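Structure data (mmCIF, C-alpha atoms) from my_file.cif:
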data_protein
#
loop_
_atom_site.label_atom_id
_atom_site.label_comp_id
_atom_site.auth_asym_id
_atom_site.auth_seq_id
_atom_site.Cartn_x
_atom_site.Cartn_y
_atom_site.Cartn_z
CA MET Z 1 -10.80 -8.34 -25.45
CA GLY Z 2 -11.96 -6.90 -22.19
CA ASP Z 3 -10.31 -5.10 -19.38
CA GLY Z 4 -6.65 -5.87 -19.02
CA ALA Z 5 -6.35 -4.56 -15.49
CA ASN Z 6 -6.60 -8.04 -14.09
CA ASP Z 7 -4.08 -9.48 -16.54
CA ARG Z 8 -0.92 -8.38 -14.75
CA GLY Z 9 2.00 -10.43 -15.90
CA ALA Z 10 3.28 -11.47 -19.29
CA GLY Z 11 2.34 -15.11 -18.65
CA LEU Z 12 -1.31 -14.34 -17.95
CA THR Z 13 -1.48 -11.94 -20.89
CA SER Z 14 -0.16 -14.63 -23.23
CA PHE Z 15 -2.60 -17.15 -21.79
CA ARG Z 16 -5.44 -14.69 -22.31
CA ARG Z 17 -4.43 -14.18 -25.93
CA HIS Z 18 -4.24 -17.93 -26.45
CA THR Z 19 -7.67 -18.45 -24.86
CA TRP Z 20 -9.19 -15.69 -26.98
CA LEU Z 21 -7.84 -17.29 -30.14
CA THR Z 22 -8.98 -20.73 -28.97
CA VAL Z 23 -12.54 -19.96 -27.86
CA PRO Z 24 -13.98 -17.08 -29.97
CA GLY Z 25 -11.54 -17.90 -32.76
CA THR Z 26 -12.59 -21.52 -32.91
CA ALA Z 27 -16.29 -20.61 -32.87
CA ALA Z 28 -15.85 -18.23 -35.80
CA CYS Z 29 -13.56 -20.51 -37.83
CA VAL Z 30 -15.71 -23.63 -37.44
CA GLN Z 31 -18.85 -21.86 -38.60
CA LEU Z 32 -17.12 -20.11 -41.47
CA LEU Z 33 -15.39 -23.27 -42.59
CA PHE Z 34 -18.23 -25.80 -42.52
CA VAL Z 35 -21.29 -23.61 -43.07
CA GLY Z 36 -19.46 -21.35 -45.50
CA GLU Z 37 -18.39 -24.30 -47.63
CA TRP Z 38 -22.00 -25.49 -47.76
CA ILE Z 39 -23.22 -22.02 -48.77
CA LEU Z 40 -20.68 -21.84 -51.62
CA ASP Z 41 -21.74 -25.21 -52.98
CA GLU Z 42 -23.58 -24.55 -56.25
CA ASP Z 43 -25.51 -27.81 -55.95
CA VAL Z 44 -27.43 -26.38 -52.96
CA GLU Z 45 -30.68 -24.60 -53.77
CA VAL Z 46 -30.44 -20.81 -53.87
CA TRP Z 47 -33.43 -20.34 -51.57
CA ALA Z 48 -31.45 -22.13 -48.81
CA ARG Z 49 -28.07 -20.54 -49.50
CA GLY Z 50 -29.26 -16.90 -49.42
CA PRO Z 51 -30.79 -16.79 -45.89
CA ALA Z 52 -27.98 -19.02 -44.61
CA ALA Z 53 -25.31 -16.59 -45.84
CA ALA Z 54 -26.90 -13.64 -44.00
CA ALA Z 55 -27.41 -15.73 -40.88
CA LEU Z 56 -23.79 -16.90 -40.98
CA VAL Z 57 -22.49 -13.32 -40.80
CA VAL Z 58 -24.72 -12.58 -37.83
CA ALA Z 59 -23.82 -15.85 -36.08
CA VAL Z 60 -20.06 -15.31 -36.41
CA ALA Z 61 -20.24 -11.71 -35.18
CA ALA Z 62 -22.48 -12.64 -32.25
CA SER Z 63 -20.24 -15.56 -31.27
CA VAL Z 64 -17.12 -13.39 -31.18
CA VAL Z 65 -18.82 -10.62 -29.20
CA LEU Z 66 -20.49 -12.91 -26.66
CA LEU Z 67 -17.40 -15.06 -26.02
CA GLY Z 68 -15.12 -12.03 -25.91
CA ARG Z 69 -17.41 -10.47 -23.33
CA ARG Z 70 -17.38 -13.71 -21.33
CA LEU Z 71 -13.56 -13.75 -21.22
CA ALA Z 72 -13.58 -10.31 -19.59
CA LEU Z 73 -15.68 -11.55 -16.66
CA LEU Z 74 -14.27 -13.19 -13.53
CA PRO Z 75 -16.85 -15.63 -12.16
CA VAL Z 76 -16.87 -16.69 -8.53
CA ALA Z 77 -16.76 -20.44 -8.09
CA GLY Z 78 -20.27 -21.88 -7.95
CA THR Z 79 -22.01 -18.78 -9.31
CA ARG Z 80 -22.92 -17.47 -12.73
CA PRO Z 81 -20.40 -15.02 -14.19
CA GLY Z 82 -22.96 -12.43 -15.25
CA ARG Z 83 -25.62 -11.62 -17.81
CA PRO Z 84 -24.71 -11.70 -21.52
CA PRO Z 85 -25.60 -8.82 -23.87
CA MET Z 86 -29.20 -9.72 -24.61
CA GLY Z 87 -29.28 -8.15 -28.07
CA TRP Z 88 -26.35 -10.20 -29.29
CA LEU Z 89 -27.69 -13.33 -27.57
CA ILE Z 90 -31.05 -13.01 -29.35
CA ALA Z 91 -29.25 -12.40 -32.65
CA ALA Z 92 -27.13 -15.54 -32.11
CA CYS Z 93 -30.22 -17.66 -31.33
CA VAL Z 94 -32.12 -16.43 -34.42
CA ALA Z 95 -29.10 -16.92 -36.69
CA GLY Z 96 -28.53 -20.39 -35.22
CA ALA Z 97 -32.13 -21.33 -35.91
CA VAL Z 98 -31.83 -20.19 -39.54
CA LEU Z 99 -28.57 -22.08 -39.98
CA ALA Z 100 -30.28 -25.19 -38.59
CA VAL Z 101 -33.46 -25.01 -40.67
CA CYS Z 102 -31.82 -24.36 -44.05
CA PRO Z 103 -29.47 -27.42 -44.07
CA LEU Z 104 -32.11 -29.58 -42.42
CA ALA Z 105 -34.61 -28.65 -45.14
CA VAL Z 106 -32.30 -30.22 -47.74
CA ARG Z 107 -31.61 -33.20 -45.42
CA ASN Z 108 -27.98 -32.32 -44.55
CA TYR Z 109 -27.96 -34.17 -41.22
CA GLY Z 110 -24.28 -33.51 -40.48
CA LEU Z 111 -24.37 -29.70 -40.82
CA TRP Z 112 -27.60 -28.45 -39.33
CA ALA Z 113 -26.41 -28.90 -35.69
CA VAL Z 114 -23.17 -26.87 -36.04
CA ALA Z 115 -24.63 -23.41 -35.35
CA PRO Z 116 -27.10 -24.56 -32.66
CA ALA Z 117 -24.27 -26.38 -30.88
CA MET Z 118 -22.29 -23.12 -30.82
CA VAL Z 119 -25.28 -21.28 -29.37
CA VAL Z 120 -25.67 -23.91 -26.65
CA ALA Z 121 -21.97 -23.65 -25.76
CA ILE Z 122 -22.11 -19.85 -25.65
CA VAL Z 123 -25.19 -19.79 -23.43
CA ALA Z 124 -23.62 -22.39 -21.13
CA THR Z 125 -20.60 -20.17 -20.50
CA TYR Z 126 -22.87 -17.62 -18.80
CA LEU Z 127 -24.68 -20.10 -16.52
CA ALA Z 128 -23.97 -21.43 -13.06
CA PRO Z 129 -22.59 -25.01 -12.95
CA SER Z 130 -25.93 -26.65 -12.11
CA SER Z 131 -27.84 -24.80 -14.82
CA LYS Z 132 -24.98 -25.39 -17.24
CA ARG Z 133 -25.11 -29.17 -16.79
CA LEU Z 134 -28.89 -29.20 -17.20
CA LEU Z 135 -28.73 -27.18 -20.43
CA ILE Z 136 -26.03 -29.40 -21.94
CA ALA Z 137 -27.86 -32.60 -21.04
CA CYS Z 138 -31.14 -31.36 -22.53
CA ALA Z 139 -29.39 -30.10 -25.69
CA VAL Z 140 -27.63 -33.44 -26.25
CA VAL Z 141 -30.86 -35.40 -25.83
CA LEU Z 142 -33.00 -33.09 -27.99
CA ALA Z 143 -30.39 -32.87 -30.76
CA SER Z 144 -31.38 -36.33 -31.98
CA LEU Z 145 -35.00 -35.35 -32.65
CA PRO Z 146 -34.93 -32.88 -35.61
CA GLY Z 147 -32.71 -34.96 -37.88
CA GLY Z 148 -34.33 -38.22 -36.82
CA VAL Z 149 -37.83 -36.91 -37.51
CA VAL Z 150 -36.85 -35.51 -40.93
CA SER Z 151 -35.09 -38.72 -41.91
CA LEU Z 152 -38.00 -40.83 -40.71
CA VAL Z 153 -40.54 -38.77 -42.65
CA ALA Z 154 -38.38 -38.70 -45.80
CA GLY Z 155 -37.65 -42.42 -45.55
CA ASP Z 156 -34.09 -41.95 -46.87
CA GLY Z 157 -32.61 -44.73 -44.78
CA GLU Z 158 -30.27 -42.44 -42.81
CA LEU Z 159 -32.18 -42.52 -39.54
CA LEU Z 160 -29.28 -43.82 -37.46
CA TYR Z 161 -26.85 -41.16 -38.72
CA ALA Z 162 -29.44 -38.37 -38.49
CA ALA Z 163 -30.33 -39.29 -34.90
CA LEU Z 164 -26.86 -39.98 -33.42
CA PHE Z 165 -24.44 -37.62 -35.14
CA PRO Z 166 -26.01 -34.27 -33.97
CA PRO Z 167 -25.93 -35.20 -30.23
CA GLY Z 168 -22.29 -36.19 -30.56
CA LEU Z 169 -21.54 -32.93 -32.36
CA VAL Z 170 -23.24 -30.89 -29.63
CA ALA Z 171 -21.33 -32.69 -26.85
CA PHE Z 172 -18.00 -32.32 -28.67
CA THR Z 173 -18.57 -28.61 -29.40
CA VAL Z 174 -19.45 -27.84 -25.79
CA TRP Z 175 -16.40 -29.74 -24.55
CA VAL Z 176 -14.05 -27.91 -26.95
CA MET Z 177 -15.47 -24.49 -26.05
CA LEU Z 178 -15.83 -24.86 -22.28
CA GLY Z 179 -12.50 -26.58 -21.59
CA PRO Z 180 -10.18 -23.63 -22.43
CA LEU Z 181 -12.62 -21.22 -20.83
CA TRP Z 182 -12.56 -23.21 -17.58
CA ALA Z 183 -8.74 -23.13 -17.61
CA TRP Z 184 -8.83 -19.36 -18.17
CA ASP Z 185 -11.24 -18.80 -15.27
CA THR Z 186 -9.02 -20.89 -13.00
CA ALA Z 187 -5.91 -18.93 -13.99
CA ARG Z 188 -7.75 -15.65 -13.41
CA ARG Z 189 -8.86 -16.72 -9.94
CA LEU Z 190 -5.32 -17.82 -9.05
CA ASP Z 191 -3.92 -14.51 -10.23
CA GLU Z 192 -6.52 -12.64 -8.21
CA ALA Z 193 -5.63 -14.74 -5.16
CA ARG Z 194 -1.93 -13.90 -5.57
CA ARG Z 195 -2.74 -10.21 -5.86
CA LEU Z 196 -4.88 -10.32 -2.72
CA GLU Z 197 -2.14 -12.22 -0.90
CA ALA Z 198 0.37 -9.50 -1.76
CA GLU Z 199 -2.04 -6.81 -0.54
CA ILE Z 200 -2.64 -8.74 2.69
CA ALA Z 201 1.11 -9.02 3.27
CA VAL Z 202 1.45 -5.24 2.96
CA LYS Z 203 -1.55 -4.68 5.23
CA ASP Z 204 -0.12 -7.08 7.82
CA GLU Z 205 3.09 -5.08 7.86
CA ARG Z 206 1.11 -1.86 8.34
CA LEU Z 207 -0.84 -3.42 11.20
CA ARG Z 208 2.42 -4.56 12.83
CA PHE Z 209 3.79 -1.04 12.58
CA ALA Z 210 0.55 0.45 13.91
CA ALA Z 211 0.57 -1.97 16.85
CA ASP Z 212 4.17 -1.09 17.76
CA LEU Z 213 3.44 2.61 17.51
CA HIS Z 214 0.27 2.24 19.58
CA ASP Z 215 2.08 0.36 22.32
CA ILE Z 216 4.83 2.96 22.61
CA GLN Z 217 2.77 6.11 22.21
CA GLY Z 218 -0.10 4.86 24.37
CA HIS Z 219 2.14 4.08 27.33
CA HIS Z 220 4.14 7.29 27.19
CA LEU Z 221 1.16 9.56 26.61
CA GLN Z 222 -0.77 7.98 29.47
CA VAL Z 223 2.10 8.60 31.91
CA ILE Z 224 2.65 12.13 30.58
CA ALA Z 225 -1.05 12.93 31.05
CA LEU Z 226 -1.04 11.66 34.67
CA LYS Z 227 2.14 13.53 35.63
CA SER Z 228 0.95 16.72 33.95
CA GLU Z 229 -2.30 16.52 35.91
CA LEU Z 230 -0.33 15.98 39.13
CA ALA Z 231 1.94 18.95 38.39
CA ALA Z 232 -1.11 21.15 37.77
CA ARG Z 233 -2.50 20.27 41.21
CA LEU Z 234 0.87 20.84 42.94
CA VAL Z 235 1.85 24.08 41.25
CA GLU Z 236 0.23 26.21 44.02
CA VAL Z 237 0.81 24.05 47.09
CA ASP Z 238 4.28 22.66 46.29
CA PRO Z 239 5.94 24.52 43.40
CA GLY Z 240 9.19 22.61 43.83
CA ARG Z 241 7.59 19.24 43.43
CA ALA Z 242 5.49 20.53 40.53
CA ALA Z 243 8.69 21.64 38.78
CA ALA Z 244 10.20 18.18 39.36
CA GLU Z 245 7.12 16.53 37.88
CA MET Z 246 7.31 18.77 34.81
CA LYS Z 247 10.97 17.82 34.35
CA GLU Z 248 9.86 14.20 34.45
CA VAL Z 249 7.20 14.99 31.82
CA ARG Z 250 9.89 16.52 29.63
CA ARG Z 251 12.05 13.40 29.99
CA LEU Z 252 9.12 11.15 29.15
CA ALA Z 253 8.32 13.22 26.06
CA ALA Z 254 11.93 12.89 24.90
CA ASP Z 255 11.79 9.12 25.47
CA ALA Z 256 8.53 8.88 23.53
CA LEU Z 257 10.06 10.81 20.64
CA GLY Z 258 13.11 8.56 20.59
CA ASP Z 259 11.05 5.38 20.73
CA THR Z 260 8.77 6.65 17.97
CA ARG Z 261 11.74 7.38 15.75
CA ALA Z 262 13.09 3.91 16.50
CA VAL Z 263 9.83 2.32 15.33
CA VAL Z 264 9.56 4.50 12.23
CA GLN Z 265 13.14 3.80 11.19
CA GLY Z 266 12.75 0.08 11.86
CA TYR Z 267 15.34 -0.29 14.65
CA ARG Z 268 13.31 -2.91 16.46
CA ARG Z 269 12.92 -5.61 13.85
CA THR Z 270 14.84 -4.64 10.73
CA SER Z 271 17.75 -6.91 9.84
CA LEU Z 272 19.10 -8.04 6.49
CA ASP Z 273 18.34 -11.75 6.85
CA ASP Z 274 14.77 -11.07 8.00
CA GLU Z 275 14.17 -8.59 5.19
CA ILE Z 276 15.53 -10.96 2.54
CA THR Z 277 13.15 -13.66 3.79
CA ASN Z 278 10.25 -11.19 3.88
CA ALA Z 279 11.10 -9.88 0.39
CA THR Z 280 11.07 -13.43 -0.98
CA ARG Z 281 7.60 -14.02 0.44
CA VAL Z 282 6.11 -10.68 -0.59
CA LEU Z 283 7.55 -10.68 -4.13
CA ALA Z 284 6.41 -14.26 -4.69
CA ALA Z 285 2.92 -13.29 -3.51
CA ALA Z 286 2.96 -10.48 -6.08
CA GLU Z 287 3.85 -13.06 -8.78
CA ILE Z 288 7.33 -11.62 -9.25
CA ASP Z 289 10.09 -14.12 -10.02
CA ALA Z 290 12.63 -13.18 -7.32
CA ARG Z 291 16.04 -14.84 -7.40
CA MET Z 292 17.99 -14.59 -4.14
CA SER Z 293 21.75 -15.19 -4.06
CA VAL Z 294 23.61 -14.96 -0.73
CA GLU Z 295 27.31 -15.89 -0.81
CA PRO Z 296 28.57 -17.24 1.45
CA ALA Z 297 25.40 -18.51 3.10
CA THR Z 298 26.52 -17.58 6.63
CA ALA Z 299 27.79 -14.14 5.69
CA VAL Z 300 24.55 -12.31 6.46
CA THR Z 301 24.23 -13.56 10.02
CA GLU Z 302 27.92 -12.85 10.75
CA LEU Z 303 27.72 -9.17 9.86
CA ALA Z 304 27.83 -6.55 12.55
CA GLU Z 305 24.41 -5.63 13.91
CA SER Z 306 24.63 -2.09 12.58
CA ALA Z 307 25.51 -3.32 9.08
CA ARG Z 308 22.70 -5.88 9.12
CA HIS Z 309 20.28 -3.17 10.19
CA LEU Z 310 21.29 -0.65 7.51
CA LEU Z 311 21.32 -3.22 4.73
CA GLY Z 312 17.98 -4.49 5.99
CA LEU Z 313 16.57 -0.98 5.59
CA VAL Z 314 17.90 -0.89 2.03
CA MET Z 315 16.34 -4.28 1.31
CA ARG Z 316 12.98 -3.14 2.71
CA GLU Z 317 13.01 0.13 0.75
CA THR Z 318 13.92 -1.54 -2.54
CA THR Z 319 11.22 -4.18 -2.06
CA THR Z 320 8.67 -1.42 -1.46
CA ASN Z 321 9.86 0.41 -4.59
CA VAL Z 322 9.55 -2.76 -6.68
CA LEU Z 323 5.93 -3.19 -5.56
CA ARG Z 324 4.92 0.46 -5.78
CA HIS Z 325 6.99 1.95 -8.61
CA SER Z 326 7.25 -0.82 -11.19
CA SER Z 327 5.38 -3.51 -13.07
CA ALA Z 328 8.19 -5.97 -12.46
CA ARG Z 329 8.05 -9.60 -13.47
CA HIS Z 330 11.62 -10.49 -12.46
CA ALA Z 331 13.84 -9.32 -9.61
CA GLU Z 332 17.32 -10.32 -8.51
CA VAL Z 333 18.89 -9.92 -5.09
CA ASP Z 334 22.62 -10.55 -4.69
CA CYS Z 335 24.33 -10.27 -1.29
CA ARG Z 336 27.97 -11.20 -0.80
CA VAL Z 337 30.90 -10.37 1.46
CA THR Z 338 34.20 -9.77 -0.35
CA GLY Z 339 37.29 -7.80 0.53
CA GLY Z 340 35.97 -6.74 3.92
CA LEU Z 341 32.84 -5.21 2.36
CA ALA Z 342 29.25 -6.41 2.45
CA ARG Z 343 27.64 -5.72 -0.92
CA LEU Z 344 23.89 -5.81 -1.62
CA ARG Z 345 22.57 -5.47 -5.16
CA VAL Z 346 18.84 -5.43 -6.00
CA SER Z 347 17.59 -5.13 -9.58
CA ASN Z 348 14.18 -5.45 -11.23
CA ASP Z 349 12.64 -5.01 -14.63
CA GLY Z 350 9.48 -3.09 -15.50
CA ALA Z 351 10.74 0.14 -13.90
CA ASP Z 352 8.55 3.23 -14.24
CA GLU Z 353 9.70 5.97 -16.54
CA HIS Z 354 9.87 8.37 -13.58
CA PRO Z 355 12.03 6.90 -10.80
CA PRO Z 356 10.80 7.19 -7.19
CA THR Z 357 11.65 10.36 -5.32
CA THR Z 358 14.67 10.35 -3.05
CA ASN Z 359 13.16 12.75 -0.53
CA GLY Z 360 11.94 11.85 2.94
CA THR Z 361 12.80 8.43 4.27
CA GLY Z 362 13.58 6.90 0.87
CA LEU Z 363 16.83 6.05 -0.88
CA GLY Z 364 18.25 9.57 -0.41
CA THR Z 365 18.06 9.35 3.37
CA LEU Z 366 19.44 5.81 3.35
CA ARG Z 367 22.40 6.96 1.27
CA GLU Z 368 23.28 9.58 3.88
CA ARG Z 369 23.10 6.98 6.65
CA LEU Z 370 25.29 4.52 4.78
CA GLN Z 371 27.84 7.23 4.00
CA ALA Z 372 27.94 8.12 7.69
CA ALA Z 373 28.72 4.45 8.43
CA GLY Z 374 31.56 4.37 5.89
CA GLY Z 375 29.52 2.79 3.09
CA GLU Z 376 27.84 3.86 -0.13
CA LEU Z 377 24.42 3.56 -1.74
CA THR Z 378 23.87 4.12 -5.46
CA TRP Z 379 21.03 3.50 -7.88
CA HIS Z 380 20.54 3.88 -11.60
CA ARG Z 381 18.06 3.07 -14.33
CA ASP Z 382 19.12 1.06 -17.40
CA GLY Z 383 16.27 0.83 -19.89
CA ASP Z 384 13.40 -0.75 -18.01
CA ARG Z 385 15.68 -2.08 -15.25
CA PHE Z 386 16.23 -0.32 -11.93
CA VAL Z 387 19.35 -1.26 -9.97
CA VAL Z 388 20.17 -0.38 -6.35
CA GLU Z 389 23.65 -1.17 -4.98
CA ALA Z 390 24.78 -0.78 -1.37
CA GLU Z 391 28.04 -1.59 0.33
CA LEU Z 392 29.20 -1.38 3.93
CA PRO Z 393 32.36 -2.34 5.79
CA VAL Z 394 32.03 -5.69 7.54
CA LYS Z 395 33.44 -4.13 10.70
CA PRO Z 396 31.63 -0.99 11.80
CA THR Z 397 33.51 2.23 11.28
CA GLU Z 398 34.06 4.01 14.56
CA PRO Z 399 34.55 7.77 14.61
CA LYS Z 400 38.10 8.82 15.21
CA PRO Z 401 38.65 10.59 18.55
CA THR Z 402 39.35 14.27 18.29
CA LYS Z 403 42.80 15.12 19.66
CA LYS Z 404 42.97 18.15 21.88
CA PRO Z 405 45.97 20.42 21.45
CA THR Z 406 48.47 20.02 24.30
CA LYS Z 407 51.02 22.49 25.48
CA THR Z 408 54.58 21.19 25.58
CA LYS Z 409 57.45 22.69 27.47
CA PRO Z 410 60.40 23.69 25.36
CA SER Z 411 63.40 21.43 25.64
CA PRO Z 412 66.44 22.90 27.41
CA THR Z 413 68.55 22.08 24.39
CA GLN Z 414 66.08 23.44 21.88
CA PRO Z 415 65.13 27.06 21.64
CA ASN Z 416 61.60 28.15 22.28
CA PRO Z 417 60.21 29.11 18.84
CA THR Z 418 58.30 31.97 20.36
CA ASN Z 419 61.20 33.25 22.35
CA ALA Z 420 63.50 32.78 19.39
CA GLY Z 421 61.22 34.80 17.26
CA ASN Z 422 60.97 37.50 19.84
CA GLY Z 423 64.69 37.54 20.28
CA ALA Z 424 65.26 37.95 16.61
CA ALA Z 425 62.83 40.79 16.57
CA ARG Z 426 64.70 42.51 19.16
#

Final structure tokens representation of the file:
Amino acid sequence: MGDGANDRGAGLTSFRRHTWLTVPGTAACVQLLFVGEWILDEDVEVWARGPAAAALVVAVAASVVLLGRRLALLPVAGTRPGRPPMGWLIAACVAGAVLAVCPLAVRNYGLWAVAPAMVVAIVATYLAPSSKRLLIACAVVLASLPGGVVSLVAGDGELLYAALFPPGLVAFTVWVMLGPLWAWDTARRLDEARRLEAEIAVKDERLRFAADLHDIQGHHLQVIALKSELAARLVEVDPGRAAAEMKEVRRLAADALGDTRAVVQGYRRTSLDDEITNATRVLAAAEIDARMSVEPATAVTELAESARHLLGLVMRETTTNVLRHSSARHAEVDCRVTGGLARLRVSNDGADEHPPTTNGTGLGTLRERLQAAGGELTWHRDGDRFVVEAELPVKPTEPKPTKKPTKTKPSPTQPNPTNAGNGAAR
């Protein structure tokens, strides 16, 4: 049934199975049903039934192989999808010719065109649109000649039936075979377009990050290079000024490091509402049914900036994990504010057997950052579902000030504990 790499998604897989049963299955069943019934008829001469039986086996096998091969190809609009296996194509043509000659020899004008019509439909599936139309038109016109000539020579009075029924059979067979195949090619191209759209969305995000990093690093490194060059020239003539320039270089390097960390950690653009919107677009492009629930609707924008930022990082990380570490078809995002806590829950099906690592800048690091802000981040795997849950206080948690110990003078009416102790000792 061909390569399933391009069949991502249960819907497309089911459609592929349906198309396979419809196109190759119909070709095999029609030939077995109509031609096979004729071969089993004892009133038909043995000399016609024997070669037809062998040709029928070859024709059915060739039809299944050729159409199955065609379903595995992804044609570009306006071009031919590829070359068919020539050995099987020749076998199908020879078998079709035998299955046409044998019934026609006994003046069965309704049966002889069945196998040739299948061959025409199969060949048409491998042609470009212009060549396909030309082949079908020629086949429909020429289909009236063999039966008409035989009926005219035999003088059996069935000229009208012999001349008109085969062209109609050829046209109907081609329509039945090419219709589902056209729908399958369209679905394949749409699925490929969705996959490319998802890849482009990821690449756009990488380009955005690269542009931000280039802007920051380029500016700082240029200034650092100029000041370092100036300090090198001044080190002998004005050591004091050279030392001042090197201190400035050190400050610029620290600023560059801080700005780089800010870009890497997403401080500049990451917020929960933006990431939910971005996740909706990216998951939809990846053909993942994402259901977003935000209650109340204004809760996200009313959160503190720090909470929106941290939850936005969680949303971005979980979206990345869904795309990279699962074959998800459905995802759910639930964000709500209750009891003074902002809760974000992201779940998806199709989780990999081995969950993503928590090292580096993944969920493990995010959990530490949420715990430092008074929140919590947990995740677990339930069957093929992966669930990430985060919660943060609506109001940011501020660190408590450290109280310094103060010395107090003993009250005149209260004894000094130290002195009292000393006095008792004495």

Best match for closeness to Ala128 of chain Z among Z:Ser14, Z:Ala163, Z:Gly82, Z:Trp184, counting all atoms listed in the file: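 Closest to Ala128 of chain Z of all the choices is Z:Gly82.
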
field: Residue nearest Thr320 of chain Z among Z:Ala225, Z:Ala244, Z:Val337, Z:Val202 (counting only C-alpha atoms)
entry: Z:Val202

field: Exercise: Val176 of chain Z partners within 10 Å, all atoms listed in the file, chain neighbours under 2 positions left out, as an MDAnalysis selection string
entry: chainID Z and resid 22:23 26:27 121 171:174 178:181

message: Going by the chain IDs and residue numbers used in this file, which residues fall under the PyMOL selection byres ((chain Z and resi 89) around 10)? Write them as a list in words.
response: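 Selected by the PyMOL selection byres ((chain Z and resi 89) around 10) in this file: Ala59, Ala62, Ser63, Val65, Leu66, Pro84, Pro85, Met86, Gly87, Trp88, Ile90, Ala91, Ala92, Cys93, Val94, Ala95, Val119, Ile122 and Val123 of chain Z.
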
task: Show which residues sit within 7 Å of Ala290 of chain Z, as a VMD selection string. Count all atoms listed in the file, and ignore same-chain residues fewer than 3 positions away.
output: chain Z and resid 280 283 to 284 330 to 332

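Between Cys102 of chain Z and the candidates Z:Arg49, Z:Arg316, Z:Arg208, Z:Arg381, the tightest atom-to-atom separation, counting only C-alpha atoms, involves Z:Arg49.
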
query: Which polymer residues have any atom within 9 Å of an atom of Leu341 of chain Z, counting only C-alpha atoms, with same-chain residues fewer than 2 positions away left out, as JSON, numbers by chain?
result: {"Z": [336, 337, 338, 339, 343, 375, 391, 392, 393, 394, 395]}

message: Please enumerate the residues selected by the PyMOL selection byres ((chain Z and resi 248) around 12) when evaluated against the supplied file, formatted as a list of chain:residue names.
response: Z:His220, Z:Val223, Z:Ile224, Z:Ala225, Z:Leu226, Z:Lys227, Z:Ser228, Z:Leu230, Z:Ala231, Z:Arg241, Z:Ala242, Z:Ala243, Z:Ala244, Z:Glu245, Z:Met246, Z:Lys247, Z:Val249, Z:Arg250, Z:Arg251, Z:Leu252, Z:Ala253, Z:Ala254, Z:Asp255

field: Shell around Val101 of chain Z at 12 Å using all atoms listed in the file, local window under 5 positions removed, as a list in words
entry: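 Counting only the stated atoms, we get Trp47, Ala48, Arg49, Pro51, Ala52, Ala55, Val94, Ala95, Gly96, Val106, Arg107, Asn108, Tyr109, Leu111, Trp112, Ala113, Val114, Ala115, Pro116, Pro146, Gly147 and Val150 of chain Z.
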
query: Restricting the calculation to all atoms listed in the file, which member of Z:Asp352, Z:Trp20, Z:Val387, Z:Asp156 is positioned closest to Gly68 of chain Z?
result: Z:Trp20

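Take the candidates Z:Pro81, Z:Arg17, Z:Ile216, Z:Glu275 and check each one against Arg69 of chain Z using only C-alpha atoms; the shortest distance goes to Z:Pro81.
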
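When atom CA of Ala201 of chain Z is paired with atom CA of Glu317 of chain Z, their separation reads 15.2 Å.
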
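Minimum atom-to-atom distances from Z:Pro103, Z:Ala187, Z:Gly240, Z:Thr13 to Trp38 of chain Z were compared using all atoms listed in the file, and the lowest value belongs to Z:Pro103.
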